file work.txt (compact mmCIF, N, CA and C atoms)
# COMPACT_ATOMS: atom_id res chain seq x y z
N MET A 238 9.89 4.83 19.58
CA MET A 238 9.85 3.80 18.55
C MET A 238 8.95 2.69 19.02
N LEU A 239 8.13 2.21 18.15
CA LEU A 239 7.17 1.16 18.46
C LEU A 239 7.74 -0.18 18.03
N ASP A 240 7.67 -1.17 18.90
CA ASP A 240 8.11 -2.52 18.58
C ASP A 240 6.94 -3.26 17.96
N LEU A 241 7.01 -3.50 16.64
CA LEU A 241 5.90 -4.13 15.95
C LEU A 241 5.72 -5.59 16.33
N LYS A 242 6.74 -6.22 16.88
CA LYS A 242 6.59 -7.61 17.31
C LYS A 242 5.53 -7.73 18.40
N ALA A 243 5.40 -6.68 19.20
CA ALA A 243 4.41 -6.69 20.27
C ALA A 243 3.00 -6.40 19.74
N VAL A 244 2.91 -5.79 18.56
CA VAL A 244 1.62 -5.38 18.03
C VAL A 244 1.11 -6.38 16.99
N ALA A 245 1.89 -6.58 15.96
CA ALA A 245 1.47 -7.46 14.86
C ALA A 245 2.68 -7.76 14.00
N LYS A 246 2.59 -8.82 13.26
CA LYS A 246 3.63 -9.13 12.30
C LYS A 246 3.19 -8.57 10.96
N PRO A 247 3.84 -7.49 10.49
CA PRO A 247 3.43 -6.92 9.21
C PRO A 247 3.63 -7.92 8.08
N PRO A 248 2.69 -7.96 7.14
CA PRO A 248 2.78 -8.92 6.04
C PRO A 248 3.81 -8.49 5.01
N THR A 249 4.45 -9.45 4.36
CA THR A 249 5.37 -9.16 3.28
C THR A 249 4.60 -9.13 1.96
N PHE A 250 5.18 -8.46 0.97
CA PHE A 250 4.55 -8.35 -0.34
C PHE A 250 5.54 -8.77 -1.40
N SER A 251 5.13 -9.72 -2.22
CA SER A 251 5.99 -10.30 -3.25
C SER A 251 6.23 -9.38 -4.44
N GLY A 252 5.37 -8.41 -4.62
CA GLY A 252 5.45 -7.54 -5.78
C GLY A 252 4.54 -7.99 -6.91
N ALA A 253 3.86 -9.13 -6.72
CA ALA A 253 2.95 -9.65 -7.75
C ALA A 253 1.63 -8.88 -7.71
N GLU A 254 1.13 -8.52 -8.89
CA GLU A 254 -0.12 -7.76 -9.00
C GLU A 254 -1.26 -8.45 -8.27
N LYS A 255 -1.36 -9.76 -8.40
CA LYS A 255 -2.48 -10.51 -7.83
C LYS A 255 -2.49 -10.48 -6.30
N ASP A 256 -1.36 -10.20 -5.68
CA ASP A 256 -1.26 -10.21 -4.22
C ASP A 256 -1.47 -8.84 -3.58
N PHE A 257 -1.53 -7.79 -4.42
CA PHE A 257 -1.52 -6.44 -3.86
C PHE A 257 -2.75 -6.10 -3.02
N ALA A 258 -3.94 -6.41 -3.50
CA ALA A 258 -5.16 -6.02 -2.78
C ALA A 258 -5.19 -6.60 -1.37
N GLU A 259 -4.86 -7.88 -1.25
CA GLU A 259 -4.86 -8.50 0.07
C GLU A 259 -3.77 -7.91 0.95
N TRP A 260 -2.56 -7.72 0.41
CA TRP A 260 -1.47 -7.14 1.18
C TRP A 260 -1.82 -5.71 1.62
N ARG A 261 -2.41 -4.95 0.73
CA ARG A 261 -2.78 -3.57 1.06
C ARG A 261 -3.76 -3.54 2.23
N PHE A 262 -4.76 -4.41 2.18
CA PHE A 262 -5.73 -4.48 3.27
C PHE A 262 -5.02 -4.76 4.60
N LYS A 263 -4.12 -5.71 4.60
CA LYS A 263 -3.42 -6.09 5.83
C LYS A 263 -2.48 -4.99 6.32
N ILE A 264 -1.71 -4.40 5.42
CA ILE A 264 -0.75 -3.38 5.84
C ILE A 264 -1.47 -2.11 6.28
N GLU A 265 -2.61 -1.79 5.66
CA GLU A 265 -3.37 -0.62 6.10
C GLU A 265 -3.91 -0.83 7.51
N ASN A 266 -4.21 -2.04 7.89
CA ASN A 266 -4.64 -2.31 9.26
C ASN A 266 -3.47 -2.21 10.23
N VAL A 267 -2.28 -2.55 9.79
CA VAL A 267 -1.09 -2.33 10.62
C VAL A 267 -0.89 -0.83 10.82
N PHE A 268 -1.02 -0.05 9.73
CA PHE A 268 -0.91 1.40 9.84
C PHE A 268 -1.95 1.96 10.81
N LEU A 269 -3.15 1.41 10.79
CA LEU A 269 -4.21 1.83 11.70
C LEU A 269 -3.79 1.57 13.15
N MET A 270 -3.23 0.41 13.43
CA MET A 270 -2.83 0.07 14.80
C MET A 270 -1.72 0.97 15.33
N ILE A 271 -0.89 1.48 14.43
CA ILE A 271 0.22 2.33 14.90
C ILE A 271 -0.05 3.81 14.59
N SER A 272 -1.32 4.14 14.38
CA SER A 272 -1.80 5.52 14.19
C SER A 272 -1.17 6.23 12.99
N LEU A 273 -0.93 5.49 11.92
CA LEU A 273 -0.43 6.10 10.69
C LEU A 273 -1.47 6.07 9.57
N ASP A 274 -2.68 5.61 9.87
CA ASP A 274 -3.69 5.45 8.84
C ASP A 274 -4.04 6.75 8.13
N ASN A 275 -4.22 7.83 8.86
CA ASN A 275 -4.59 9.10 8.23
C ASN A 275 -3.47 9.67 7.37
N VAL A 276 -2.24 9.53 7.85
CA VAL A 276 -1.09 10.01 7.09
C VAL A 276 -0.96 9.23 5.79
N MET A 277 -1.12 7.91 5.86
CA MET A 277 -0.98 7.08 4.68
C MET A 277 -2.12 7.32 3.69
N LYS A 278 -3.33 7.49 4.20
CA LYS A 278 -4.47 7.79 3.33
C LYS A 278 -4.26 9.13 2.64
N GLY A 279 -3.78 10.11 3.39
CA GLY A 279 -3.50 11.42 2.80
C GLY A 279 -2.46 11.35 1.71
N ALA A 280 -1.42 10.56 1.93
CA ALA A 280 -0.37 10.41 0.92
C ALA A 280 -0.90 9.74 -0.33
N ALA A 281 -1.73 8.72 -0.16
CA ALA A 281 -2.28 8.00 -1.32
C ALA A 281 -3.30 8.82 -2.09
N ASP A 282 -4.09 9.64 -1.40
CA ASP A 282 -5.19 10.37 -2.02
C ASP A 282 -4.84 11.77 -2.52
N ALA A 283 -3.69 12.29 -2.16
CA ALA A 283 -3.34 13.66 -2.51
C ALA A 283 -3.28 13.83 -4.03
N ALA A 284 -3.82 14.95 -4.51
CA ALA A 284 -3.79 15.24 -5.94
C ALA A 284 -2.35 15.45 -6.40
N GLU A 285 -1.58 16.13 -5.59
CA GLU A 285 -0.16 16.34 -5.86
C GLU A 285 0.59 15.99 -4.60
N PHE A 286 1.78 15.44 -4.78
CA PHE A 286 2.55 15.07 -3.61
C PHE A 286 3.44 16.22 -3.20
N THR A 287 3.38 16.58 -1.93
CA THR A 287 4.21 17.63 -1.39
C THR A 287 5.60 17.09 -1.11
N SER A 288 6.59 17.86 -1.44
CA SER A 288 7.96 17.45 -1.15
C SER A 288 8.09 17.19 0.35
N GLU A 289 8.79 16.14 0.70
CA GLU A 289 8.92 15.82 2.11
C GLU A 289 9.71 16.88 2.87
N ASP A 290 10.45 17.72 2.15
CA ASP A 290 11.16 18.83 2.78
C ASP A 290 10.17 19.82 3.39
N LEU A 291 8.94 19.86 2.85
CA LEU A 291 7.93 20.81 3.32
C LEU A 291 7.03 20.23 4.41
N LEU A 292 7.22 18.95 4.73
CA LEU A 292 6.38 18.32 5.76
C LEU A 292 6.81 18.78 7.16
N PRO A 293 5.86 18.79 8.11
CA PRO A 293 6.23 19.06 9.50
C PRO A 293 7.18 17.97 9.99
N LEU A 294 7.97 18.28 10.99
CA LEU A 294 8.99 17.35 11.50
C LEU A 294 8.39 15.99 11.86
N GLY A 295 7.23 15.98 12.51
CA GLY A 295 6.60 14.72 12.91
C GLY A 295 6.27 13.84 11.72
N GLN A 296 5.80 14.43 10.64
CA GLN A 296 5.47 13.64 9.45
C GLN A 296 6.73 13.16 8.74
N LYS A 297 7.81 13.94 8.81
CA LYS A 297 9.08 13.48 8.23
C LYS A 297 9.54 12.21 8.94
N GLU A 298 9.43 12.21 10.26
CA GLU A 298 9.83 11.04 11.04
C GLU A 298 8.93 9.85 10.72
N GLN A 299 7.63 10.09 10.57
CA GLN A 299 6.71 9.02 10.20
C GLN A 299 7.05 8.46 8.83
N SER A 300 7.40 9.34 7.91
CA SER A 300 7.75 8.92 6.56
C SER A 300 9.00 8.04 6.57
N ARG A 301 9.99 8.42 7.37
CA ARG A 301 11.21 7.61 7.49
C ARG A 301 10.89 6.24 8.09
N PHE A 302 10.02 6.21 9.09
CA PHE A 302 9.62 4.95 9.71
C PHE A 302 8.93 4.06 8.68
N VAL A 303 8.00 4.63 7.92
CA VAL A 303 7.28 3.87 6.90
C VAL A 303 8.26 3.33 5.86
N CYS A 304 9.22 4.14 5.46
CA CYS A 304 10.20 3.69 4.47
C CYS A 304 10.99 2.51 5.03
N GLY A 305 11.46 2.62 6.25
CA GLY A 305 12.20 1.51 6.86
C GLY A 305 11.36 0.25 6.97
N LEU A 306 10.09 0.41 7.29
CA LEU A 306 9.19 -0.73 7.37
C LEU A 306 8.98 -1.37 6.00
N LEU A 307 8.74 -0.55 4.99
CA LEU A 307 8.50 -1.07 3.65
C LEU A 307 9.74 -1.75 3.06
N VAL A 308 10.91 -1.26 3.38
CA VAL A 308 12.14 -1.91 2.91
C VAL A 308 12.17 -3.37 3.37
N GLN A 309 11.70 -3.61 4.58
CA GLN A 309 11.71 -4.97 5.13
C GLN A 309 10.59 -5.84 4.56
N LEU A 310 9.52 -5.22 4.05
CA LEU A 310 8.33 -5.98 3.65
C LEU A 310 8.18 -6.21 2.15
N LEU A 311 8.87 -5.41 1.34
CA LEU A 311 8.69 -5.48 -0.10
C LEU A 311 9.76 -6.32 -0.78
N SER A 312 9.36 -6.92 -1.90
CA SER A 312 10.33 -7.60 -2.75
C SER A 312 9.85 -7.49 -4.19
N GLY A 313 10.66 -7.96 -5.11
CA GLY A 313 10.28 -7.93 -6.52
C GLY A 313 10.09 -6.52 -7.05
N LYS A 314 9.06 -6.35 -7.88
CA LYS A 314 8.79 -5.06 -8.53
C LYS A 314 8.51 -3.97 -7.49
N ALA A 315 7.84 -4.33 -6.41
CA ALA A 315 7.52 -3.34 -5.38
C ALA A 315 8.79 -2.77 -4.74
N LEU A 316 9.77 -3.62 -4.51
CA LEU A 316 11.04 -3.15 -3.95
C LEU A 316 11.77 -2.27 -4.97
N ALA A 317 11.65 -2.60 -6.24
CA ALA A 317 12.26 -1.76 -7.28
C ALA A 317 11.63 -0.37 -7.29
N ILE A 318 10.32 -0.29 -7.09
CA ILE A 318 9.64 1.01 -7.01
C ILE A 318 10.19 1.79 -5.82
N LEU A 319 10.34 1.13 -4.69
CA LEU A 319 10.89 1.79 -3.49
C LEU A 319 12.30 2.32 -3.77
N ARG A 320 13.11 1.53 -4.42
CA ARG A 320 14.51 1.92 -4.66
C ARG A 320 14.63 3.12 -5.60
N LEU A 321 13.58 3.39 -6.37
CA LEU A 321 13.60 4.55 -7.26
C LEU A 321 13.22 5.85 -6.54
N CYS A 322 12.74 5.74 -5.32
CA CYS A 322 12.35 6.92 -4.54
C CYS A 322 13.55 7.41 -3.72
N PRO A 323 13.56 8.71 -3.40
CA PRO A 323 14.62 9.21 -2.54
C PRO A 323 14.63 8.47 -1.20
N ARG A 324 15.78 8.29 -0.66
CA ARG A 324 15.97 7.53 0.58
C ARG A 324 15.16 8.14 1.74
N GLY A 325 14.42 7.28 2.42
CA GLY A 325 13.68 7.70 3.60
C GLY A 325 12.31 8.30 3.34
N GLU A 326 11.89 8.40 2.08
CA GLU A 326 10.61 9.03 1.77
C GLU A 326 9.51 7.99 1.63
N GLY A 327 9.10 7.44 2.77
CA GLY A 327 8.11 6.38 2.80
C GLY A 327 6.74 6.78 2.29
N LEU A 328 6.34 8.03 2.51
CA LEU A 328 5.03 8.48 2.02
C LEU A 328 5.01 8.51 0.50
N LEU A 329 6.12 8.92 -0.09
CA LEU A 329 6.22 8.91 -1.55
C LEU A 329 6.23 7.47 -2.07
N VAL A 330 6.93 6.57 -1.40
CA VAL A 330 6.94 5.16 -1.79
C VAL A 330 5.51 4.62 -1.77
N TRP A 331 4.77 4.89 -0.70
CA TRP A 331 3.39 4.41 -0.58
C TRP A 331 2.54 4.94 -1.73
N ARG A 332 2.67 6.22 -2.00
CA ARG A 332 1.91 6.85 -3.08
C ARG A 332 2.22 6.18 -4.42
N ARG A 333 3.48 5.90 -4.67
CA ARG A 333 3.88 5.27 -5.94
C ARG A 333 3.42 3.81 -6.02
N LEU A 334 3.42 3.12 -4.89
CA LEU A 334 2.91 1.74 -4.88
C LEU A 334 1.43 1.73 -5.24
N ILE A 335 0.67 2.63 -4.63
CA ILE A 335 -0.77 2.73 -4.92
C ILE A 335 -0.98 3.09 -6.38
N ALA A 336 -0.21 4.05 -6.88
CA ALA A 336 -0.36 4.48 -8.28
C ALA A 336 -0.05 3.34 -9.25
N HIS A 337 0.91 2.49 -8.89
CA HIS A 337 1.28 1.40 -9.77
C HIS A 337 0.31 0.22 -9.70
N TYR A 338 -0.03 -0.21 -8.48
CA TYR A 338 -0.82 -1.42 -8.31
C TYR A 338 -2.33 -1.18 -8.26
N ALA A 339 -2.76 0.02 -7.91
CA ALA A 339 -4.20 0.30 -7.82
C ALA A 339 -4.50 1.70 -8.35
N PRO A 340 -4.18 1.94 -9.62
CA PRO A 340 -4.38 3.28 -10.17
C PRO A 340 -5.86 3.63 -10.27
N LYS A 341 -6.16 4.89 -10.11
CA LYS A 341 -7.54 5.37 -10.22
C LYS A 341 -7.74 5.90 -11.64
N THR A 342 -7.86 4.98 -12.58
CA THR A 342 -8.04 5.37 -13.98
C THR A 342 -9.23 4.63 -14.58
N THR A 343 -9.75 5.18 -15.65
CA THR A 343 -10.86 4.54 -16.35
C THR A 343 -10.41 3.20 -16.93
N ALA A 344 -9.17 3.16 -17.42
CA ALA A 344 -8.66 1.92 -18.00
C ALA A 344 -8.65 0.79 -16.97
N ARG A 345 -8.39 1.12 -15.73
CA ARG A 345 -8.37 0.11 -14.66
C ARG A 345 -9.81 -0.23 -14.24
N ALA A 346 -10.69 0.76 -14.23
CA ALA A 346 -12.06 0.55 -13.75
C ALA A 346 -12.89 -0.29 -14.71
N MET A 347 -12.64 -0.20 -16.00
CA MET A 347 -13.46 -0.91 -16.98
C MET A 347 -13.37 -2.44 -16.83
N PRO A 348 -12.18 -3.03 -16.71
CA PRO A 348 -12.14 -4.49 -16.50
C PRO A 348 -12.79 -4.92 -15.18
N VAL A 349 -12.65 -4.10 -14.16
CA VAL A 349 -13.28 -4.42 -12.88
C VAL A 349 -14.80 -4.41 -13.04
N LEU A 350 -15.32 -3.40 -13.70
CA LEU A 350 -16.76 -3.31 -13.93
C LEU A 350 -17.25 -4.48 -14.78
N ALA A 351 -16.50 -4.82 -15.82
CA ALA A 351 -16.87 -5.95 -16.68
C ALA A 351 -16.92 -7.24 -15.87
N GLY A 352 -15.97 -7.42 -14.98
CA GLY A 352 -15.96 -8.61 -14.13
C GLY A 352 -17.16 -8.66 -13.20
N LEU A 353 -17.57 -7.51 -12.70
CA LEU A 353 -18.73 -7.45 -11.82
C LEU A 353 -20.04 -7.71 -12.57
N LEU A 354 -20.10 -7.22 -13.80
CA LEU A 354 -21.33 -7.36 -14.58
C LEU A 354 -21.48 -8.73 -15.20
N THR A 355 -20.40 -9.43 -15.42
CA THR A 355 -20.45 -10.77 -16.02
C THR A 355 -19.64 -11.76 -15.19
N PRO A 356 -20.11 -12.06 -14.01
CA PRO A 356 -19.35 -12.98 -13.15
C PRO A 356 -19.35 -14.39 -13.73
N LYS A 357 -18.28 -15.11 -13.46
CA LYS A 357 -18.15 -16.49 -13.91
C LYS A 357 -18.18 -17.39 -12.68
N TRP A 358 -19.38 -17.76 -12.23
CA TRP A 358 -19.52 -18.58 -11.03
C TRP A 358 -19.32 -20.04 -11.39
N SER A 359 -18.77 -20.75 -10.45
CA SER A 359 -18.57 -22.19 -10.65
C SER A 359 -19.25 -22.94 -9.51
N GLU A 360 -18.95 -24.20 -9.41
CA GLU A 360 -19.52 -25.03 -8.35
C GLU A 360 -18.92 -24.69 -6.98
N ALA A 361 -17.83 -23.93 -6.98
CA ALA A 361 -17.16 -23.59 -5.71
C ALA A 361 -18.07 -22.71 -4.86
N MET A 362 -17.70 -22.58 -3.63
CA MET A 362 -18.46 -21.73 -2.71
C MET A 362 -18.42 -20.27 -3.19
N PHE A 363 -19.49 -19.55 -2.96
CA PHE A 363 -19.61 -18.16 -3.38
C PHE A 363 -18.45 -17.32 -2.87
N ILE A 364 -18.08 -17.46 -1.61
CA ILE A 364 -17.02 -16.62 -1.03
C ILE A 364 -15.69 -16.87 -1.70
N ASP A 365 -15.46 -18.10 -2.15
CA ASP A 365 -14.21 -18.41 -2.84
C ASP A 365 -14.12 -17.73 -4.19
N GLU A 366 -15.27 -17.48 -4.81
CA GLU A 366 -15.28 -16.83 -6.12
C GLU A 366 -15.01 -15.34 -6.02
N LEU A 367 -15.24 -14.75 -4.85
CA LEU A 367 -14.98 -13.33 -4.67
C LEU A 367 -13.51 -13.13 -4.62

call {"tool": "encode", "arguments": {"input": "work.txt", "output": "structure tokens"}}
result
Amino acid sequence: MLDLKAVAKPPTFSGAEKDFAEWRFKIENVFLMISLDNVMKGAADAAEFTSEDLLPLGQKEQSRFVCGLLVQLLSGKALAILRLCPRGEGLLVWRRLIAHYAPKTTARAMPVLAGLLTPKWSEAMFIDEL
């Protein structure tokens, strides 16, 4: 078992849509530090999710660890999503969080593209507008 206090303080997530991108960036870097980045990317990118009963023992343990970690970090709507998943299935929780907050759909891509094509710059610094 890895003591995260010695590595990093994982960020909490309020469940608000506006906070997800920043939280995801930070938590994915925590996953990278504890060598779970490939497992988490695989869970998020898979076309279909494999039942955790079919996972190798090592991945089952990783999934339980991720679930325990996410229980401590999530609140609001994100915690409600976690509570709807079977107990201990952290990879499924991660997949559902990504599907909810950052879906790969045309409906989601169109507003993002519109924002990129018609930026609304102000007197503020460029980096603040991003």

call {"tool": "closest_residue", "arguments": {"input": "work.txt", "among": "A:Asp274, A:Glu298, A:Glu289, A:Asp282", "to": "Arg332 in chain A", "atoms": "only N, CA and C atoms"}}
result
A:Asp282

call {"tool": "atom_distance", "arguments": {"input": "work.txt", "atom1": "atom N of Pro293 in chain A", "atom2": "atom N of Arg261 in chain A"}}
result
26.2 Å

call {"tool": "residues_around", "arguments": {"input": "work.txt", "residues": "range 246-257 of chain A", "least_positions_apart": "5", "cutoff": "5 Å", "atoms": "all atoms listed in the file", "output": "PyMOL selection string"}}
result
chain A and resi 310-315

call {"tool": "atom_distance", "arguments": {"input": "work.txt", "atom1": "CA of Arg301 in chain A", "atom2": "CA of Leu316 in chain A"}}
result
15.7 Å

call {"tool": "select_by_dssp", "arguments": {"input": "work.txt", "residues": "chain A", "states": "alpha helix (DSSP H)", "output": "PyMOL selection string"}}
result
chain A and resi 241-244+257-270+274-282+294-310+313-320+327-338+343-354+363-366

call {"tool": "atom_distance", "arguments": {"input": "work.txt", "atom1": "atom C of Val267 in chain A", "atom2": "atom C of Ala283 in chain A"}}
result
21.0 Å

call {"tool": "residues_around", "arguments": {"input": "work.txt", "residues": "Phe268 in chain A", "least_positions_apart": "3", "cutoff": "12 Å", "atoms": "only C-alpha atoms", "output": "list in words"}}
result
Leu239, Leu241, Val244, Ala245, Lys246, Pro247, Pro248, Arg261, Phe262, Lys263, Ile264, Glu265, Ile271, Ser272, Leu273, Asp274, Asn275, Val276, Met277, Lys278, Gln299, Ser300, Phe302, Val303, Leu306, Leu307 and Trp331 of chain A

call {"tool": "residues_around", "arguments": {"input": "work.txt", "residues": "Glu326 in chain A", "least_positions_apart": "2", "cutoff": "6 Å", "atoms": "only N, CA and C atoms", "output": "NGL selection string"}}
result
:A and (300-301 or 304 or 323-324 or 328-330)

call {"tool": "decode", "arguments": {"input": "work.txt", "residues": "range 254-288 of chain A", "atoms": "N, CA and C atoms", "output": "short mmCIF file (atom, residue, chain, number, x, y, z; two decimals), in the first residue's frame"}}
result
data_model
loop_
_atom_site.label_atom_id
_atom_site.label_comp_id
_atom_site.auth_asym_id
_atom_site.auth_seq_id
_atom_site.Cartn_x
_atom_site.Cartn_y
_atom_site.Cartn_z
N GLU A 254 -19.43 20.98 -12.75
CA GLU A 254 -18.94 20.82 -14.13
C GLU A 254 -17.73 21.69 -14.41
N LYS A 255 -17.76 22.94 -13.94
CA LYS A 255 -16.69 23.89 -14.25
C LYS A 255 -15.36 23.51 -13.62
N ASP A 256 -15.36 22.67 -12.60
CA ASP A 256 -14.14 22.28 -11.91
C ASP A 256 -13.51 20.99 -12.43
N PHE A 257 -14.25 20.27 -13.30
CA PHE A 257 -13.80 18.94 -13.67
C PHE A 257 -12.49 18.91 -14.44
N ALA A 258 -12.32 19.76 -15.43
CA ALA A 258 -11.11 19.71 -16.27
C ALA A 258 -9.85 19.89 -15.44
N GLU A 259 -9.86 20.87 -14.55
CA GLU A 259 -8.69 21.10 -13.71
C GLU A 259 -8.46 19.94 -12.75
N TRP A 260 -9.53 19.44 -12.12
CA TRP A 260 -9.40 18.32 -11.20
C TRP A 260 -8.89 17.08 -11.94
N ARG A 261 -9.41 16.84 -13.13
CA ARG A 261 -8.97 15.67 -13.90
C ARG A 261 -7.48 15.75 -14.20
N PHE A 262 -7.01 16.91 -14.60
CA PHE A 262 -5.59 17.08 -14.88
C PHE A 262 -4.76 16.73 -13.64
N LYS A 263 -5.17 17.24 -12.50
CA LYS A 263 -4.42 17.01 -11.26
C LYS A 263 -4.48 15.55 -10.82
N ILE A 264 -5.66 14.94 -10.86
CA ILE A 264 -5.78 13.56 -10.39
C ILE A 264 -5.09 12.60 -11.36
N GLU A 265 -5.09 12.91 -12.65
CA GLU A 265 -4.37 12.05 -13.60
C GLU A 265 -2.86 12.10 -13.33
N ASN A 266 -2.35 13.21 -12.86
CA ASN A 266 -0.94 13.28 -12.50
C ASN A 266 -0.66 12.50 -11.22
N VAL A 267 -1.61 12.45 -10.31
CA VAL A 267 -1.46 11.60 -9.13
C VAL A 267 -1.43 10.14 -9.57
N PHE A 268 -2.35 9.76 -10.49
CA PHE A 268 -2.34 8.39 -11.01
C PHE A 268 -1.01 8.07 -11.67
N LEU A 269 -0.43 9.02 -12.38
CA LEU A 269 0.87 8.83 -13.02
C LEU A 269 1.94 8.55 -11.97
N MET A 270 1.94 9.30 -10.88
CA MET A 270 2.96 9.12 -9.84
C MET A 270 2.87 7.77 -9.15
N ILE A 271 1.66 7.21 -9.10
CA ILE A 271 1.51 5.91 -8.43
C ILE A 271 1.33 4.77 -9.44
N SER A 272 1.74 5.02 -10.68
CA SER A 272 1.77 4.02 -11.76
C SER A 272 0.40 3.44 -12.09
N LEU A 273 -0.63 4.26 -12.02
CA LEU A 273 -1.97 3.82 -12.42
C LEU A 273 -2.44 4.52 -13.69
N ASP A 274 -1.58 5.32 -14.30
CA ASP A 274 -1.99 6.11 -15.46
C ASP A 274 -2.48 5.26 -16.62
N ASN A 275 -1.79 4.19 -16.95
CA ASN A 275 -2.19 3.35 -18.08
C ASN A 275 -3.50 2.62 -17.81
N VAL A 276 -3.68 2.16 -16.59
CA VAL A 276 -4.91 1.47 -16.22
C VAL A 276 -6.09 2.43 -16.31
N MET A 277 -5.91 3.65 -15.81
CA MET A 277 -6.99 4.62 -15.81
C MET A 277 -7.31 5.09 -17.23
N LYS A 278 -6.28 5.27 -18.05
CA LYS A 278 -6.51 5.67 -19.44
C LYS A 278 -7.24 4.56 -20.18
N GLY A 279 -6.85 3.32 -19.93
CA GLY A 279 -7.54 2.19 -20.56
C GLY A 279 -9.00 2.11 -20.16
N ALA A 280 -9.28 2.36 -18.89
CA ALA A 280 -10.67 2.33 -18.42
C ALA A 280 -11.49 3.44 -19.07
N ALA A 281 -10.91 4.63 -19.18
CA ALA A 281 -11.64 5.76 -19.76
C ALA A 281 -11.84 5.61 -21.27
N ASP A 282 -10.88 5.01 -21.97
CA ASP A 282 -10.91 4.94 -23.43
C ASP A 282 -11.56 3.68 -24.00
N ALA A 283 -11.81 2.68 -23.17
CA ALA A 283 -12.33 1.42 -23.67
C ALA A 283 -13.69 1.61 -24.34
N ALA A 284 -13.88 0.94 -25.48
CA ALA A 284 -15.16 1.02 -26.18
C ALA A 284 -16.26 0.39 -25.33
N GLU A 285 -15.95 -0.71 -24.71
CA GLU A 285 -16.87 -1.38 -23.80
C GLU A 285 -16.12 -1.67 -22.51
N PHE A 286 -16.84 -1.59 -21.41
CA PHE A 286 -16.18 -1.84 -20.14
C PHE A 286 -16.29 -3.31 -19.79
N THR A 287 -15.15 -3.91 -19.47
CA THR A 287 -15.11 -5.30 -19.08
C THR A 287 -15.53 -5.42 -17.62
N SER A 288 -16.32 -6.40 -17.33
CA SER A 288 -16.71 -6.64 -15.94
C SER A 288 -15.46 -6.82 -15.10
#
